[in-house]
Amino acid sequence: MIADLLTTVLVLAGLAFFAAGTLGLLRFPDVYTRLHALTKADNLGLGLVVLGLMLQAEGPAMIFKLALIWVLVLAAGATAAHMVAQRTWTHGEFERRE
């Protein structure tokens, strides 16, 4: 009962961070602040969702798989954000919306 409630709270909090990251992607003025908002919020959101799902896992193998997925997504997100920022910096496509 308590695990189910905590799972629900963690997953909903994770979804709120996903929504905040998406809002930052749509509303912030330039590429760098958009990337920052998206990667930070999505990483925390996924971490909360994974934590919530770990409470419902059937064993250590499932917990390990969920943790591995989170670590791989963290690495992929950081790599992709770095590549986008580097491309923007080197090609001078810095866009600022007013």
# chains A, B, ... in the order shown; residues from 1 in each chain; ligands from 1
$ residues_around --residues "Asp42 of chain A" --least-positions-apart "5" --cutoff "8 Å" --atoms "only C-alpha atoms" --output "count of residues only"
3
$ residues_around --residues "Gly14 of chain A" --least-positions-apart "4" --cutoff "9 Å" --atoms "only C-alpha atoms" --output "list in words"
Val9, Leu10, Phe18, Ala19, Ala41, Asp42, Leu44, Gly45, Leu46, Gly47, Leu48, Val49, Val50 and Gly52 of chain A
$ select_by_dssp --residues "chain A" --states "helix (DSSP H, G or I)" --output "VMD selection string"
chain A and resid 2 to 27 31 to 54 60 to 91
$ write_last_selection --atoms "C-alpha atoms" --output "mmCIF file, in the first residue's frame"
data_model
loop_
_atom_site.group_PDB
_atom_site.id
_atom_site.type_symbol
_atom_site.label_atom_id
_atom_site.label_comp_id
_atom_site.auth_asym_id
_atom_site.auth_seq_id
_atom_site.Cartn_x
_atom_site.Cartn_y
_atom_site.Cartn_z
ATOM 1 C CA ILE A 2 2.702 2.501 0.989
ATOM 2 C CA ALA A 3 4.922 1.369 -1.910
ATOM 3 C CA ASP A 4 2.038 1.904 -4.341
ATOM 4 C CA LEU A 5 1.405 5.403 -3.009
ATOM 5 C CA LEU A 6 5.094 6.307 -3.132
ATOM 6 C CA THR A 7 5.340 4.914 -6.664
ATOM 7 C CA THR A 8 2.408 7.065 -7.756
ATOM 8 C CA VAL A 9 3.906 10.188 -6.173
ATOM 9 C CA LEU A 10 7.343 9.608 -7.731
ATOM 10 C CA VAL A 11 5.973 8.881 -11.208
ATOM 11 C CA LEU A 12 3.701 11.941 -11.117
ATOM 12 C CA ALA A 13 6.608 14.115 -9.933
ATOM 13 C CA GLY A 14 8.706 12.726 -12.784
ATOM 14 C CA LEU A 15 5.975 13.566 -15.265
ATOM 15 C CA ALA A 16 5.830 17.105 -13.883
ATOM 16 C CA PHE A 17 9.567 17.498 -14.532
ATOM 17 C CA PHE A 18 9.117 16.154 -18.068
ATOM 18 C CA ALA A 19 6.395 18.767 -18.628
ATOM 19 C CA ALA A 20 8.623 21.522 -17.213
ATOM 20 C CA GLY A 21 11.469 20.502 -19.532
ATOM 21 C CA THR A 22 9.160 20.546 -22.519
ATOM 22 C CA LEU A 23 7.855 23.963 -21.529
ATOM 23 C CA GLY A 24 11.444 25.224 -21.227
ATOM 24 C CA LEU A 25 12.222 23.834 -24.676
ATOM 25 C CA LEU A 26 9.312 25.741 -26.145
ATOM 26 C CA ARG A 27 9.606 28.994 -24.201
ATOM 27 C CA VAL A 31 19.492 27.098 -27.979
ATOM 28 C CA TYR A 32 21.667 26.927 -24.879
ATOM 29 C CA THR A 33 18.966 27.702 -22.332
ATOM 30 C CA ARG A 34 16.590 25.334 -24.113
ATOM 31 C CA LEU A 35 19.140 22.531 -23.945
ATOM 32 C CA HIS A 36 19.822 23.236 -20.294
ATOM 33 C CA ALA A 37 16.149 23.165 -19.352
ATOM 34 C CA LEU A 38 15.438 20.058 -21.376
ATOM 35 C CA THR A 39 18.374 17.952 -20.216
ATOM 36 C CA LYS A 40 18.191 18.889 -16.538
ATOM 37 C CA ALA A 41 14.435 18.457 -16.213
ATOM 38 C CA ASP A 42 14.284 15.273 -18.275
ATOM 39 C CA ASN A 43 17.157 13.646 -16.383
ATOM 40 C CA LEU A 44 15.529 14.376 -13.042
ATOM 41 C CA GLY A 45 12.104 13.369 -14.351
ATOM 42 C CA LEU A 46 13.388 10.043 -15.625
ATOM 43 C CA GLY A 47 15.230 9.476 -12.345
ATOM 44 C CA LEU A 48 12.018 9.942 -10.385
ATOM 45 C CA VAL A 49 10.062 7.656 -12.705
ATOM 46 C CA VAL A 50 12.768 4.987 -12.469
ATOM 47 C CA LEU A 51 12.821 5.269 -8.677
ATOM 48 C CA GLY A 52 9.068 4.837 -8.599
ATOM 49 C CA LEU A 53 9.273 1.795 -10.845
ATOM 50 C CA MET A 54 12.073 0.303 -8.761
ATOM 51 C CA PRO A 60 17.375 -7.202 -8.092
ATOM 52 C CA ALA A 61 17.695 -7.990 -11.791
ATOM 53 C CA MET A 62 14.796 -5.692 -12.638
ATOM 54 C CA ILE A 63 16.189 -2.949 -10.403
ATOM 55 C CA PHE A 64 19.570 -3.274 -12.120
ATOM 56 C CA LYS A 65 17.956 -3.043 -15.570
ATOM 57 C CA LEU A 66 16.039 0.099 -14.604
ATOM 58 C CA ALA A 67 19.194 1.703 -13.193
ATOM 59 C CA LEU A 68 21.128 0.756 -16.330
ATOM 60 C CA ILE A 69 18.466 2.311 -18.548
ATOM 61 C CA TRP A 70 18.639 5.527 -16.524
ATOM 62 C CA VAL A 71 22.447 5.692 -16.732
ATOM 63 C CA LEU A 72 22.419 5.069 -20.497
ATOM 64 C CA VAL A 73 19.789 7.750 -21.059
ATOM 65 C CA LEU A 74 21.828 10.190 -18.945
ATOM 66 C CA ALA A 75 24.891 9.520 -21.084
ATOM 67 C CA ALA A 76 22.967 9.753 -24.351
ATOM 68 C CA GLY A 77 21.216 12.975 -23.330
ATOM 69 C CA ALA A 78 24.441 14.653 -22.283
ATOM 70 C CA THR A 79 26.164 13.566 -25.496
ATOM 71 C CA ALA A 80 23.328 14.780 -27.700
ATOM 72 C CA ALA A 81 23.098 18.133 -25.881
ATOM 73 C CA HIS A 82 26.849 18.619 -26.213
ATOM 74 C CA MET A 83 26.711 17.861 -29.938
ATOM 75 C CA VAL A 84 23.850 20.311 -30.525
ATOM 76 C CA ALA A 85 25.586 23.041 -28.496
ATOM 77 C CA GLN A 86 28.903 22.483 -30.281
ATOM 78 C CA ARG A 87 27.236 22.614 -33.704
ATOM 79 C CA THR A 88 25.454 25.823 -32.745
ATOM 80 C CA TRP A 89 28.679 27.362 -31.465
ATOM 81 C CA THR A 90 30.867 26.410 -34.438
ATOM 82 C CA HIS A 91 28.391 27.297 -37.173
#
